[in-house]
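As stored in input-v3.csv (CSV, C-alpha atoms):
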chain,number,residue,atom,x,y,z
A,16,MET,CA,84.6,-10.8,-41.9
A,17,ALA,CA,81.8,-13.2,-42.8
A,18,PHE,CA,78.5,-12.0,-44.1
A,19,GLU,CA,75.6,-13.2,-42.1
A,20,GLY,CA,71.8,-13.3,-42.7
A,21,CYS,CA,69.6,-14.0,-45.7
A,22,THR,CA,71.1,-12.6,-48.9
A,23,ARG,CA,68.6,-10.3,-50.7
A,24,VAL,CA,69.3,-10.4,-54.5
A,25,LEU,CA,67.9,-8.3,-57.3
A,26,TYR,CA,68.5,-10.5,-60.4
A,27,SER,CA,68.4,-8.6,-63.7
A,28,PHE,CA,68.2,-10.7,-66.8
A,29,PRO,CA,67.4,-8.8,-70.0
A,30,HIS,CA,66.4,-11.8,-72.1
A,31,LYS,CA,63.4,-14.3,-72.0
A,32,ILE,CA,64.2,-16.3,-68.9
A,33,GLY,CA,63.5,-20.1,-69.2
A,34,ALA,CA,64.1,-20.2,-73.0
A,35,THR,CA,67.2,-21.9,-74.4
A,36,ARG,CA,70.9,-21.4,-74.0
A,37,ILE,CA,71.8,-18.5,-71.6
A,38,CYS,CA,68.1,-18.1,-70.9
A,39,HIS,CA,68.0,-21.7,-69.6
A,40,THR,CA,71.2,-21.0,-67.6
A,41,ALA,CA,69.8,-18.0,-65.9
A,42,TYR,CA,66.5,-19.8,-65.1
A,43,GLN,CA,68.4,-22.6,-63.4
A,44,LEU,CA,70.7,-20.3,-61.5
A,45,VAL,CA,67.7,-18.2,-60.2
A,46,LYS,CA,65.7,-21.3,-59.3
A,47,ASN,CA,68.5,-23.0,-57.5
A,48,VAL,CA,70.1,-20.0,-55.7
A,49,SER,CA,66.6,-19.3,-54.3
A,50,ALA,CA,66.4,-23.0,-53.2
A,51,ALA,CA,69.8,-22.6,-51.6
A,52,GLY,CA,68.4,-19.7,-49.4
A,53,ALA,CA,68.7,-16.5,-51.3
A,54,ASP,CA,65.7,-14.0,-51.3
A,55,VAL,CA,65.4,-13.3,-55.1
A,56,LEU,CA,63.6,-10.4,-56.8
A,57,LEU,CA,63.8,-11.2,-60.5
A,58,PHE,CA,63.5,-8.6,-63.3
A,59,PRO,CA,63.6,-10.6,-66.6
A,60,GLY,CA,62.9,-9.1,-70.0
A,61,ALA,CA,60.2,-11.7,-70.4
A,62,VAL,CA,59.2,-15.1,-69.0
A,63,GLN,CA,59.3,-18.3,-71.0
A,64,GLN,CA,59.1,-20.7,-68.1
A,65,ARG,CA,57.7,-19.8,-64.7
A,66,LEU,CA,59.8,-19.9,-61.6
A,67,PRO,CA,58.8,-21.1,-58.1
A,68,ALA,CA,56.4,-18.8,-56.3
A,69,ASN,CA,59.0,-17.7,-53.8
A,70,VAL,CA,60.9,-15.9,-56.6
A,71,ARG,CA,59.2,-12.6,-57.1
A,72,THR,CA,59.2,-12.1,-60.8
A,73,ILE,CA,58.4,-8.8,-62.6
A,74,PRO,CA,59.1,-8.6,-66.3
A,75,THR,CA,60.4,-5.4,-67.9
A,76,LEU,CA,59.5,-5.9,-71.5
A,77,ALA,CA,56.2,-7.8,-71.1
A,78,LYS,CA,52.9,-7.5,-69.2
A,79,TRP,CA,50.3,-10.2,-68.9
A,80,LYS,CA,50.2,-11.7,-72.5
A,81,LEU,CA,51.7,-8.6,-74.1
A,82,ARG,CA,55.4,-8.6,-74.9
A,83,LEU,CA,57.6,-6.2,-76.7
A,84,PRO,CA,59.4,-8.3,-79.5
A,85,TYR,CA,63.1,-7.8,-79.4
A,86,ARG,CA,63.2,-7.4,-83.1
A,87,VAL,CA,61.2,-4.2,-82.9
A,88,LEU,CA,64.0,-2.2,-81.3
A,89,GLY,CA,66.8,-4.6,-82.2
A,90,THR,CA,68.5,-6.8,-79.6
A,91,VAL,CA,71.0,-4.3,-78.2
A,92,LYS,CA,68.4,-1.5,-77.8
A,93,SER,CA,65.9,-3.9,-76.2
A,94,LEU,CA,68.6,-5.0,-73.7
A,95,GLN,CA,69.4,-1.4,-72.9
A,96,LEU,CA,65.7,-0.5,-72.5
A,97,HIS,CA,65.5,-3.4,-69.9
A,98,ASP,CA,68.6,-1.9,-68.2
A,99,TYR,CA,67.0,1.5,-68.0
A,100,ILE,CA,63.8,0.1,-66.5
A,101,VAL,CA,65.6,-1.9,-63.9
A,102,SER,CA,67.8,1.0,-62.9
A,103,ARG,CA,64.7,3.1,-62.3
A,104,ARG,CA,63.1,0.4,-60.2
A,105,LEU,CA,66.3,0.0,-58.2
A,106,GLU,CA,66.1,3.6,-57.1
A,107,LYS,CA,63.1,2.7,-55.0
A,108,LEU,CA,64.7,-0.4,-53.5
A,109,ALA,CA,67.6,1.2,-51.5
A,110,GLY,CA,68.0,-0.7,-48.2
A,111,GLN,CA,66.0,-3.7,-49.5
A,112,VAL,CA,68.7,-5.2,-51.7
A,113,ASP,CA,72.1,-6.6,-50.8
A,114,VAL,CA,73.4,-7.8,-54.2
A,115,VAL,CA,72.5,-6.8,-57.7
A,116,HIS,CA,73.2,-9.6,-60.2
A,117,THR,CA,73.3,-8.4,-63.9
A,118,TRP,CA,74.0,-9.9,-67.3
A,119,PRO,CA,76.0,-8.5,-70.2
A,120,VAL,CA,74.9,-5.7,-72.5
A,121,GLY,CA,71.9,-5.0,-70.3
A,122,ALA,CA,73.6,-3.8,-67.2
A,123,LEU,CA,75.4,-0.5,-67.3
A,124,ARG,CA,72.7,1.9,-66.0
A,125,THR,CA,71.8,-0.6,-63.3
A,126,LEU,CA,75.4,-1.0,-62.2
A,127,ARG,CA,75.9,2.8,-62.0
A,128,THR,CA,72.7,3.2,-60.0
A,129,ALA,CA,73.7,0.5,-57.6
A,130,ALA,CA,77.1,2.0,-57.2
A,131,ARG,CA,75.5,5.4,-56.3
A,132,LEU,CA,73.3,3.6,-53.8
A,133,GLY,CA,76.1,1.6,-52.3
A,134,ILE,CA,74.8,-1.8,-53.3
A,135,THR,CA,77.2,-4.6,-54.2
A,136,THR,CA,77.1,-5.6,-57.8
A,137,VAL,CA,78.1,-8.8,-59.7
A,138,LEU,CA,78.2,-9.1,-63.5
A,139,GLU,CA,77.6,-12.6,-65.0
A,140,ARG,CA,80.4,-13.7,-67.4
A,141,PRO,CA,78.8,-16.6,-69.4
A,142,ASN,CA,81.9,-16.6,-71.7
A,143,ALA,CA,85.5,-15.7,-71.7
A,144,TYR,CA,86.7,-12.1,-71.8
A,145,THR,CA,84.9,-10.8,-74.9
A,146,ARG,CA,87.9,-9.2,-76.5
A,147,PHE,CA,89.9,-12.4,-76.0
A,148,ALA,CA,87.1,-14.5,-77.4
A,149,TYR,CA,86.8,-12.3,-80.5
A,150,GLU,CA,90.5,-12.4,-81.2
A,151,VAL,CA,91.0,-16.2,-80.8
A,152,VAL,CA,88.0,-17.0,-82.9
A,153,ALA,CA,89.0,-14.6,-85.6
A,154,LYS,CA,92.5,-16.1,-85.6
A,155,GLU,CA,91.2,-19.7,-85.8
A,156,CYS,CA,88.8,-18.8,-88.6
A,157,ALA,CA,91.6,-17.0,-90.6
A,158,ARG,CA,93.8,-20.1,-90.2
A,159,LEU,CA,91.0,-22.4,-91.5
A,160,GLY,CA,89.8,-20.0,-94.2
A,161,VAL,CA,86.3,-19.8,-92.7
A,162,VAL,CA,84.3,-16.6,-92.4
A,163,MET,CA,82.0,-16.3,-89.4
A,164,PRO,CA,78.4,-15.2,-90.2
A,165,ALA,CA,78.0,-11.5,-89.5
A,166,ASN,CA,75.1,-12.2,-87.1
A,167,HIS,CA,76.9,-14.9,-85.1
A,168,GLU,CA,77.6,-14.0,-81.4
A,169,HIS,CA,81.3,-14.7,-81.9
A,170,ALA,CA,81.7,-12.5,-84.9
A,171,PHE,CA,83.4,-9.2,-84.0
A,172,HIS,CA,80.9,-6.5,-82.9
A,173,ALA,CA,82.6,-3.3,-81.8
A,174,ASP,CA,79.5,-1.9,-80.2
A,175,ILE,CA,79.0,-5.0,-78.0
A,176,LEU,CA,82.6,-5.0,-76.9
A,177,GLN,CA,82.4,-1.3,-76.0
A,178,ILE,CA,79.3,-1.8,-73.9
A,179,GLU,CA,80.7,-4.9,-72.1
A,180,GLU,CA,84.0,-3.3,-71.3
A,181,ALA,CA,82.2,-0.4,-69.7
A,182,GLU,CA,80.2,-2.9,-67.7
A,183,TYR,CA,83.4,-4.7,-66.6
A,184,ALA,CA,84.8,-1.5,-65.2
A,185,THR,CA,81.6,-0.5,-63.4
A,186,ALA,CA,80.7,-3.8,-61.7
A,187,ASP,CA,82.1,-4.6,-58.3
A,188,PHE,CA,82.8,-8.2,-59.2
A,189,LEU,CA,82.7,-10.4,-62.3
A,190,LEU,CA,81.2,-13.8,-61.9
A,191,CYS,CA,83.3,-16.4,-63.7
A,192,PRO,CA,81.8,-19.9,-64.2
A,193,SER,CA,85.1,-21.6,-64.8
A,194,ASP,CA,88.8,-21.2,-64.1
A,195,PHE,CA,89.4,-20.7,-67.8
A,196,VAL,CA,87.1,-17.6,-67.9
A,197,LEU,CA,88.8,-16.3,-64.8
A,198,GLN,CA,92.2,-16.7,-66.3
A,199,THR,CA,91.3,-14.7,-69.5
A,200,PHE,CA,90.3,-11.8,-67.3
A,201,LEU,CA,93.5,-12.1,-65.2
A,202,GLU,CA,95.6,-12.1,-68.4
A,203,ALA,CA,93.7,-9.0,-69.5
A,204,GLY,CA,94.9,-7.2,-66.4
A,205,PHE,CA,91.9,-7.4,-64.1
A,206,PRO,CA,92.7,-7.8,-60.4
A,207,ARG,CA,92.0,-11.2,-58.8
A,208,GLN,CA,90.0,-9.4,-56.1
A,209,LYS,CA,87.4,-8.4,-58.7
A,210,LEU,CA,86.9,-12.0,-59.9
A,211,LEU,CA,84.5,-14.5,-58.3
A,212,ARG,CA,84.1,-18.2,-59.2
A,213,HIS,CA,80.8,-20.0,-59.4
A,214,GLN,CA,79.7,-22.7,-61.8
A,215,TYR,CA,76.9,-23.9,-64.0
A,216,GLY,CA,75.1,-27.3,-63.8
A,217,PHE,CA,72.9,-29.9,-65.6
A,218,ASP,CA,69.5,-31.5,-65.2
A,219,HIS,CA,70.3,-34.8,-63.4
A,220,GLU,CA,66.8,-36.2,-64.0
A,221,LEU,CA,67.0,-35.8,-67.8
A,222,PHE,CA,70.7,-36.7,-68.2
A,223,ALA,CA,71.2,-40.0,-66.4
A,224,PRO,CA,73.6,-42.8,-67.3
A,225,GLY,CA,72.4,-45.9,-69.2
A,226,PRO,CA,73.7,-49.4,-68.7
A,227,LYS,CA,77.4,-50.2,-68.7
A,228,LYS,CA,78.7,-51.2,-72.1
A,229,ASP,CA,79.2,-54.9,-72.8
A,230,ASP,CA,82.9,-55.8,-72.0
A,231,ASP,CA,83.0,-57.9,-75.2
A,232,ASP,CA,82.4,-54.8,-77.4
A,233,LEU,CA,85.9,-53.4,-78.0
A,234,SER,CA,84.8,-50.6,-80.3
A,235,LEU,CA,84.8,-47.0,-79.1
A,236,ARG,CA,81.8,-44.7,-79.6
A,237,MET,CA,82.6,-41.0,-79.4
A,238,LEU,CA,80.2,-38.1,-79.6
A,239,PHE,CA,80.4,-34.4,-80.3
A,240,VAL,CA,77.4,-32.1,-79.7
A,241,GLY,CA,77.2,-28.4,-80.2
A,242,GLY,CA,76.9,-25.5,-82.6
A,243,VAL,CA,79.5,-26.6,-85.2
A,244,ALA,CA,81.8,-23.6,-85.6
A,245,PRO,CA,85.6,-23.3,-85.4
A,246,ARG,CA,85.6,-22.2,-81.8
A,247,LYS,CA,84.3,-25.7,-80.8
A,248,GLY,CA,87.3,-27.4,-82.3
A,249,LEU,CA,85.6,-30.1,-84.2
A,250,HIS,CA,88.5,-30.0,-86.8
A,251,TYR,CA,90.9,-30.9,-84.0
A,252,ALA,CA,88.6,-33.8,-82.8
A,253,LEU,CA,88.4,-35.2,-86.3
A,254,GLU,CA,92.1,-35.1,-86.9
A,255,ALA,CA,92.8,-36.7,-83.5
A,256,TRP,CA,90.1,-39.4,-84.2
A,257,LEU,CA,91.6,-40.3,-87.5
A,258,MET,CA,95.1,-40.5,-86.0
A,259,SER,CA,93.9,-43.1,-83.5
A,260,PRO,CA,93.3,-46.8,-84.1
A,261,ALA,CA,89.9,-46.3,-82.6
A,262,CYS,CA,88.6,-45.1,-86.0
A,263,LYS,CA,89.1,-48.6,-87.5
A,264,ASN,CA,86.1,-50.1,-85.9
A,265,GLY,CA,84.6,-47.3,-83.8
A,266,VAL,CA,82.1,-44.5,-84.5
A,267,PHE,CA,82.5,-40.8,-84.1
A,268,SER,CA,79.0,-39.1,-84.2
A,269,VAL,CA,78.7,-35.4,-84.8
A,270,ALA,CA,75.4,-33.7,-83.7
A,271,GLY,CA,74.8,-30.0,-84.5
A,272,ALA,CA,74.4,-27.5,-87.3
A,273,PHE,CA,77.5,-26.3,-89.2
A,274,ILE,CA,78.1,-22.7,-89.9
A,275,PRO,CA,78.4,-22.0,-93.7
A,276,GLY,CA,81.8,-23.1,-95.2
A,277,TYR,CA,83.1,-25.0,-92.2
A,278,ALA,CA,82.1,-28.5,-93.2
A,279,GLU,CA,83.6,-27.9,-96.7
A,280,LYS,CA,87.0,-27.3,-95.0
A,281,MET,CA,86.8,-30.8,-93.4
A,282,LYS,CA,85.0,-32.8,-96.1
A,283,ASP,CA,87.8,-35.4,-96.4
A,284,MET,CA,87.7,-36.1,-92.7
A,285,LEU,CA,83.9,-35.9,-92.5
A,286,SER,CA,83.6,-38.5,-95.3
A,287,HIS,CA,85.6,-41.2,-93.4
A,288,PRO,CA,83.4,-44.3,-92.9
A,289,SER,CA,83.7,-44.1,-89.1
A,290,VAL,CA,82.2,-40.5,-88.9
A,291,ARG,CA,78.4,-40.0,-88.7
A,292,ILE,CA,76.9,-36.6,-89.4
A,293,LEU,CA,73.7,-36.4,-87.4
A,294,GLY,CA,72.7,-32.7,-87.9
A,295,HIS,CA,70.7,-30.8,-85.2
A,296,ARG,CA,69.2,-33.3,-82.7
A,297,THR,CA,66.7,-32.9,-79.9
A,298,ASP,CA,67.4,-36.3,-78.4
A,299,VAL,CA,70.7,-35.4,-76.9
A,300,ALA,CA,70.3,-37.3,-73.6
A,301,GLN,CA,69.6,-40.5,-75.5
A,302,LEU,CA,72.5,-39.9,-77.8
A,303,MET,CA,74.9,-39.4,-74.9
A,304,ARG,CA,73.7,-42.6,-73.2
A,305,ALA,CA,74.5,-44.5,-76.5
A,306,HIS,CA,78.1,-43.3,-76.5
A,307,ASP,CA,81.2,-44.1,-74.4
A,308,VAL,CA,83.1,-40.8,-74.8
A,309,PHE,CA,82.1,-37.1,-75.3
A,310,VAL,CA,84.7,-34.9,-77.0
A,311,LEU,CA,84.8,-31.1,-77.0
A,312,PRO,CA,88.2,-29.6,-77.9
A,313,SER,CA,87.0,-25.9,-77.8
A,314,ILE,CA,89.5,-23.0,-78.2
A,315,GLU,CA,87.4,-20.8,-75.9
A,316,GLU,CA,84.1,-21.2,-73.8
A,317,GLY,CA,82.5,-20.0,-70.7
A,318,SER,CA,81.5,-23.3,-69.2
A,319,ALA,CA,79.9,-25.6,-71.7
A,320,LEU,CA,76.8,-27.1,-70.1
A,321,VAL,CA,76.9,-30.0,-72.5
A,322,THR,CA,80.0,-31.3,-70.8
A,323,SER,CA,78.2,-31.8,-67.5
A,324,GLU,CA,75.2,-33.3,-69.4
A,325,ALA,CA,77.5,-35.8,-71.0
A,326,ARG,CA,79.0,-36.7,-67.6
A,327,GLY,CA,75.5,-37.1,-66.2
A,328,SER,CA,74.7,-39.5,-69.1
A,329,GLY,CA,77.7,-41.7,-68.4
A,330,CYS,CA,80.1,-40.4,-71.0
A,331,VAL,CA,83.8,-40.0,-70.2
A,332,LEU,CA,84.9,-36.5,-71.1
A,333,LEU,CA,87.7,-35.7,-73.6
A,334,VAL,CA,87.9,-32.0,-73.4
A,335,SER,CA,90.3,-29.1,-73.8
A,336,GLU,CA,91.1,-26.9,-70.8
A,337,ALA,CA,89.1,-24.1,-72.4
A,338,THR,CA,85.7,-25.8,-72.1
A,339,GLY,CA,85.3,-24.8,-68.5
A,340,ALA,CA,84.1,-28.4,-67.8
A,341,VAL,CA,83.5,-29.4,-64.2
A,342,CYS,CA,86.0,-32.3,-64.1
A,343,LYS,CA,89.5,-33.4,-63.2
A,344,HIS,CA,92.1,-34.8,-65.5
A,345,MET,CA,92.8,-38.5,-64.9
A,346,GLU,CA,90.3,-38.6,-62.1
A,347,ASN,CA,87.0,-38.4,-64.0
A,348,ALA,CA,88.0,-37.1,-67.4
A,349,LEU,CA,90.9,-36.6,-69.8
A,350,VAL,CA,91.9,-32.9,-70.4
A,351,HIS,CA,94.2,-31.6,-73.1
A,352,LYS,CA,95.7,-28.2,-73.9
A,353,VAL,CA,93.9,-26.2,-76.6
A,354,GLY,CA,94.9,-27.3,-80.0
A,355,ASP,CA,97.0,-30.3,-78.9
A,356,VAL,CA,95.8,-32.8,-81.4
A,357,VAL,CA,98.6,-35.3,-80.4
A,358,ALA,CA,97.5,-35.3,-76.8
A,359,LEU,CA,93.8,-35.7,-77.7
A,360,SER,CA,94.6,-38.5,-80.1
A,361,ARG,CA,96.6,-40.3,-77.4
A,362,HIS,CA,93.6,-39.9,-75.0
A,363,ILE,CA,91.3,-41.4,-77.5
A,364,THR,CA,93.7,-44.3,-78.1
A,365,ASP,CA,94.1,-44.8,-74.3
A,366,LEU,CA,90.4,-45.2,-73.8
A,367,PHE,CA,90.1,-47.5,-76.9
A,368,GLU,CA,93.0,-49.8,-75.9
A,369,ASN,CA,92.5,-49.7,-72.1
A,370,ARG,CA,89.0,-50.7,-71.3
A,371,ALA,CA,89.8,-50.7,-67.5
A,372,LEU,CA,90.8,-47.0,-67.8
A,373,LEU,CA,87.6,-46.1,-69.6
A,374,ASN,CA,85.5,-48.0,-66.9
A,375,ARG,CA,87.4,-46.4,-64.0
A,376,LEU,CA,87.0,-42.9,-65.4
A,377,ARG,CA,83.3,-43.5,-66.1
A,378,ALA,CA,82.6,-44.9,-62.6
A,379,THR,CA,84.4,-42.0,-60.9
A,380,SER,CA,82.7,-39.5,-63.1
A,381,ILE,CA,79.3,-40.9,-62.2
A,382,GLU,CA,80.2,-41.1,-58.5
A,383,THR,CA,81.2,-37.4,-58.4
A,384,ILE,CA,78.6,-35.9,-60.8
A,385,HIS,CA,76.6,-34.5,-57.9
A,386,GLU,CA,79.3,-31.8,-57.8
A,387,ALA,CA,78.0,-30.5,-61.2
A,388,THR,CA,74.2,-30.4,-60.7
A,389,TRP,CA,72.2,-27.2,-60.8
A,390,SER,CA,71.5,-27.6,-57.1
A,391,ALA,CA,75.3,-27.5,-56.5
A,392,ALA,CA,75.5,-24.5,-58.8
A,393,GLY,CA,72.9,-22.7,-56.8
A,394,HIS,CA,74.7,-23.3,-53.5
A,395,ARG,CA,78.0,-22.1,-55.0
A,396,LEU,CA,76.3,-19.0,-56.4
A,397,LEU,CA,75.0,-18.1,-53.0
A,398,ARG,CA,78.5,-18.5,-51.6
A,399,ALA,CA,79.8,-16.2,-54.3
A,400,TYR,CA,77.2,-13.5,-53.3
A,401,GLN,CA,78.3,-13.8,-49.7
A,402,GLU,CA,81.9,-13.6,-50.7
A,403,ALA,CA,81.2,-10.4,-52.7
A,404,LEU,CA,79.5,-8.8,-49.7
A,405,THR,CA,82.4,-9.9,-47.4
A,406,ARG,CA,85.1,-8.6,-49.8
A,407,LYS,CA,83.3,-5.2,-50.2
A,408,MET,CA,82.8,-4.8,-46.4
A,409,ASP,CA,86.4,-5.6,-45.8
A,410,VAL,CA,87.5,-3.0,-48.3
A,411,ALA,CA,85.1,-0.4,-46.7
A,412,GLN,CA,86.5,-1.2,-43.3
A,413,SER,CA,90.1,-0.9,-44.5
A,414,HIS,CA,89.4,2.5,-46.0
A,415,ALA,CA,87.6,3.7,-42.9
A,416,SER,CA,90.5,2.7,-40.6
A,417,ARG,CA,93.1,4.7,-42.6

What would you get if you wrote out this structure as structure tokens?
Amino acid sequence: MAFEGCTRVLYSFPHKIGATRICHTAYQLVKNVSAAGADVLLFPGAVQQRLPANVRTIPTLAKWKLRLPYRVLGTVKSLQLHDYIVSRRLEKLAGQVDVVHTWPVGALRTLRTAARLGITTVLERPNAYTRFAYEVVAKECARLGVVMPANHEHAFHADILQIEEAEYATADFLLCPSDFVLQTFLEAGFPRQKLLRHQYGFDHELFAPGPKKDDDDLSLRMLFVGGVAPRKGLHYALEAWLMSPACKNGVFSVAGAFIPGYAEKMKDMLSHPSVRILGHRTDVAQLMRAHDVFVLPSIEEGSALVTSEARGSGCVLLVSEATGAVCKHMENALVHKVGDVVALSRHITDLFENRALLNRLRATSIETIHEATWSAAGHRLLRAYQEALTRKMDVAQSHASR
């Protein structure tokens, strides 16, 4: 049975919408799903960047110019206060909302209230299954002899895991932005029927390709951008780069801040003449346009926005299957299995030695990049809402017919 009519969405986001990282992701999703046709009532913790007027926005932890700093209560308690406020507001909206869209750690009360009112709920999963993510990051850090900072989001936090697993169980559906995220939940025993796919996007006006490289320039320029921690796999990228002949006259640029102790474990590779350490940069779009290839050999991700930004800027992707990148192997990117340094080095070498392959992948990537814009993400999210409503109606009808 197909769901028909305008989809009315209560969007609960417990952070400062329109800020950086997931706050930017949520901002773009709300903006673009509204543009795609959803009727959105937004409850953010606070507002950093205003949304279009058709998105009704009512903050929970701010009023006018006054805002409750998250540090006063601590992040977790602030998110839970937001959740409590949204759950109380939801009580008065029965019959006015089709779907409640929530985010991790600030969702449990709202999900329970929606369940009692018979409203369909979806929980955003901006990363892989949290228990899986904690375990693989801890294992990789132990292998490298690196200790994650205690306040890092991918250091183990038992209280966060407990809250999130309760949210998983309570939500009708989990919104997975990549096949990799979906697979981590399947492997954890979650039923396929509970998992919905959508995607993230990129700003196509900011991240646009530069001119094609001069065919006489036979060097390869490779770029890594991100928070430099073991989960991003820079150690694999460096090893693969130095195994390839591309390192003889090419450049591997690394942009991002290292967690303590990680750079020291790779000092010999980082000191190679072909490797440039750029530190944290704010000119990422320009950096991408100045490089041929973008590399991200992550061991786990949700769906790294930087991969679509790199594609939009004209870089060919060299990524692991865990990045959640919107791309297809040998069509508009080269994709390797997690930790497969030999395959990654071969991909680097292929692009270095075969300029026609590099040009073909780049051209196809640019031709198909419209599939990865925020506008495309908004339309796909709207379809995910409608699929959630359809699935829930089908289940209700099946129970009623018994």

| said: Between CA of Val87 (chain A) and CA of Thr297 (chain A), what distance in Å does the model show, to one decimal? | reply: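 Here the two named atoms are 29.4 Å from each other.
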
| field | Residue neighbourhood Ser27 (chain A), 9 Å, all atoms listed in the file, exclusion window fewer than 3 positions, as a PyMOL selection string | value | chain A and resi 56-60+97-98+101+115-118+121-122+125

| task | Determine, counting all atoms listed in the file, which protein, DNA and RNA residues have an atom within 7 Å of an atom of region 212-215 of chain A; residues of the same chain fewer than 3 positions away are not included. Present the result as a list in words. | result |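 My list of contacting residues is Leu190, Cys191, Pro192, Ser193, Ser318, Leu320, Trp389, Ala392, Arg395, Leu396 and Ala399 of chain A.
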
Store the residues picked out above, limited to C-alpha atoms, as a short mmCIF file (atom, residue, chain, number, x, y, z; two decimals), in the coordinates of the input.
data_model
loop_
_atom_site.label_atom_id
_atom_site.label_comp_id
_atom_site.auth_asym_id
_atom_site.auth_seq_id
_atom_site.Cartn_x
_atom_site.Cartn_y
_atom_site.Cartn_z
CA LEU A 190 81.20 -13.80 -61.90
CA CYS A 191 83.30 -16.40 -63.70
CA PRO A 192 81.80 -19.90 -64.20
CA SER A 193 85.10 -21.60 -64.80
CA SER A 318 81.50 -23.30 -69.20
CA LEU A 320 76.80 -27.10 -70.10
CA TRP A 389 72.20 -27.20 -60.80
CA ALA A 392 75.50 -24.50 -58.80
CA ARG A 395 78.00 -22.10 -55.00
CA LEU A 396 76.30 -19.00 -56.40
CA ALA A 399 79.80 -16.20 -54.30
#

| request: Between A:Asn69, A:Arg103, A:Lys31, A:Val120, single out the one closest to Tyr85 (chain A), counting all atoms listed in the file. | output: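 Of the candidates, the smallest distance to Tyr85 (chain A) is held by A:Lys31.
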
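Closest to Ala143 (chain A) among A:Leu238, A:Val290, A:Ile314, A:Ala41 is A:Ile314, based on only C-alpha atoms.
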
| query | In Å, with one decimal, what is the gap from CA of Phe239 (chain A) to CA of Leu359 (chain A)? | reply |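 For CA of Phe239 (chain A) relative to CA of Leu359 (chain A), the distance reads 13.7 Å.
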
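Rounded to one decimal, CA of Leu176 (chain A) and CA of Thr145 (chain A) lie 6.6 Å from each other.
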
| request: Determine the nearest neighbour of Leu302 (chain A) from the options A:Val240, A:His344, A:Pro288, A:Gln43, counting only C-alpha atoms. | output: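 Checking each of A:Val240, A:His344, A:Pro288, A:Gln43 against Leu302 (chain A), counting only C-alpha atoms, the winner is A:Val240.
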
Interface rows for region 341-408 of chain A against region 251-256 of chain A: nearest pair, Å to one decimal, 7 Å, only C-alpha atoms, as JSON lines:
{"residue": "A:Gly354", "atom": "CA", "partner": "A:Tyr251", "partner_atom": "CA", "distance": 6.7}
{"residue": "A:Val356", "atom": "CA", "partner": "A:Ala255", "partner_atom": "CA", "distance": 5.3}
{"residue": "A:Val357", "atom": "CA", "partner": "A:Ala255", "partner_atom": "CA", "distance": 6.7}
{"residue": "A:Leu359", "atom": "CA", "partner": "A:Ala255", "partner_atom": "CA", "distance": 6.0}
{"residue": "A:Ser360", "atom": "CA", "partner": "A:Ala255", "partner_atom": "CA", "distance": 4.2}

| message | Env of Val269 (chain A): 10 Å cut, atoms = all atoms listed in the file, seq-sep filter 3 positions within chain, self excluded. Answer as a ChimeraX atom specification. | response | /A:237-241,243,249,253,266,272,285,290-296,310

| Of the candidates A:Phe200, A:Phe171, A:Tyr277, A:Phe217, which shows the shortest atom-to-atom distance to Phe188 (chain A), using all atoms listed in the file? |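 Once distances to Phe188 (chain A) are computed over all atoms listed in the file, the minimum belongs to A:Phe200.
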
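Candidate residues A:Arg65, A:Lys247, A:Lys107, A:Arg370 were compared for distance to Val334 (chain A), and the nearest is A:Lys247, using all atoms listed in the file.
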
| Of the listed residues A:Ala261, A:Met281, A:Ala223, A:Leu366, that which approaches Ala305 (chain A) most closely, counting all atoms listed in the file |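 Closest residue, counting all atoms listed in the file: A:Ala223.
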
| query | Residues around (87.6, -38.9, -74.8), cut-off 7 Å, counting all atoms listed in the file - what are they as a ChimeraX atom specification? | reply | /A:308-310,331-333,349,362-363,366

Could you put an axis-aligned box around every listed atom of region 237-250 of chain A, padded by 3 Å on each side, and send me its centre and edge lengths in Å to one decimal, as lines of an AutoDock Vina configuration file?
center_x = 82.7
center_y = -31.6
center_z = -83.1
size_x = 17.6
size_y = 24.8
size_z = 13.4

Coords for region 347-366 of chain A, C-alpha atoms, as a CSV table (one decimal), in the first residue's frame:
chain,number,residue,atom,x,y,z
A,347,ASN,CA,33.1,6.7,-10.8
A,348,ALA,CA,35.5,5.7,-8.0
A,349,LEU,CA,37.8,2.9,-6.8
A,350,VAL,CA,36.7,1.1,-3.6
A,351,HIS,CA,38.7,-1.4,-1.5
A,352,LYS,CA,37.9,-3.7,1.4
A,353,VAL,CA,38.7,-2.3,4.9
A,354,GLY,CA,42.4,-2.6,5.7
A,355,ASP,CA,43.4,-4.0,2.3
A,356,VAL,CA,46.6,-2.0,1.8
A,357,VAL,CA,47.6,-4.0,-1.3
A,358,ALA,CA,44.4,-3.3,-3.1
A,359,LEU,CA,44.6,0.4,-2.2
A,360,SER,CA,48.2,0.7,-3.4
A,361,ARG,CA,47.2,-1.0,-6.6
A,362,HIS,CA,44.4,1.5,-7.1
A,363,ILE,CA,46.8,4.4,-6.5
A,364,THR,CA,49.2,2.9,-9.0
A,365,ASP,CA,46.5,2.3,-11.6
A,366,LEU,CA,45.5,6.0,-11.5
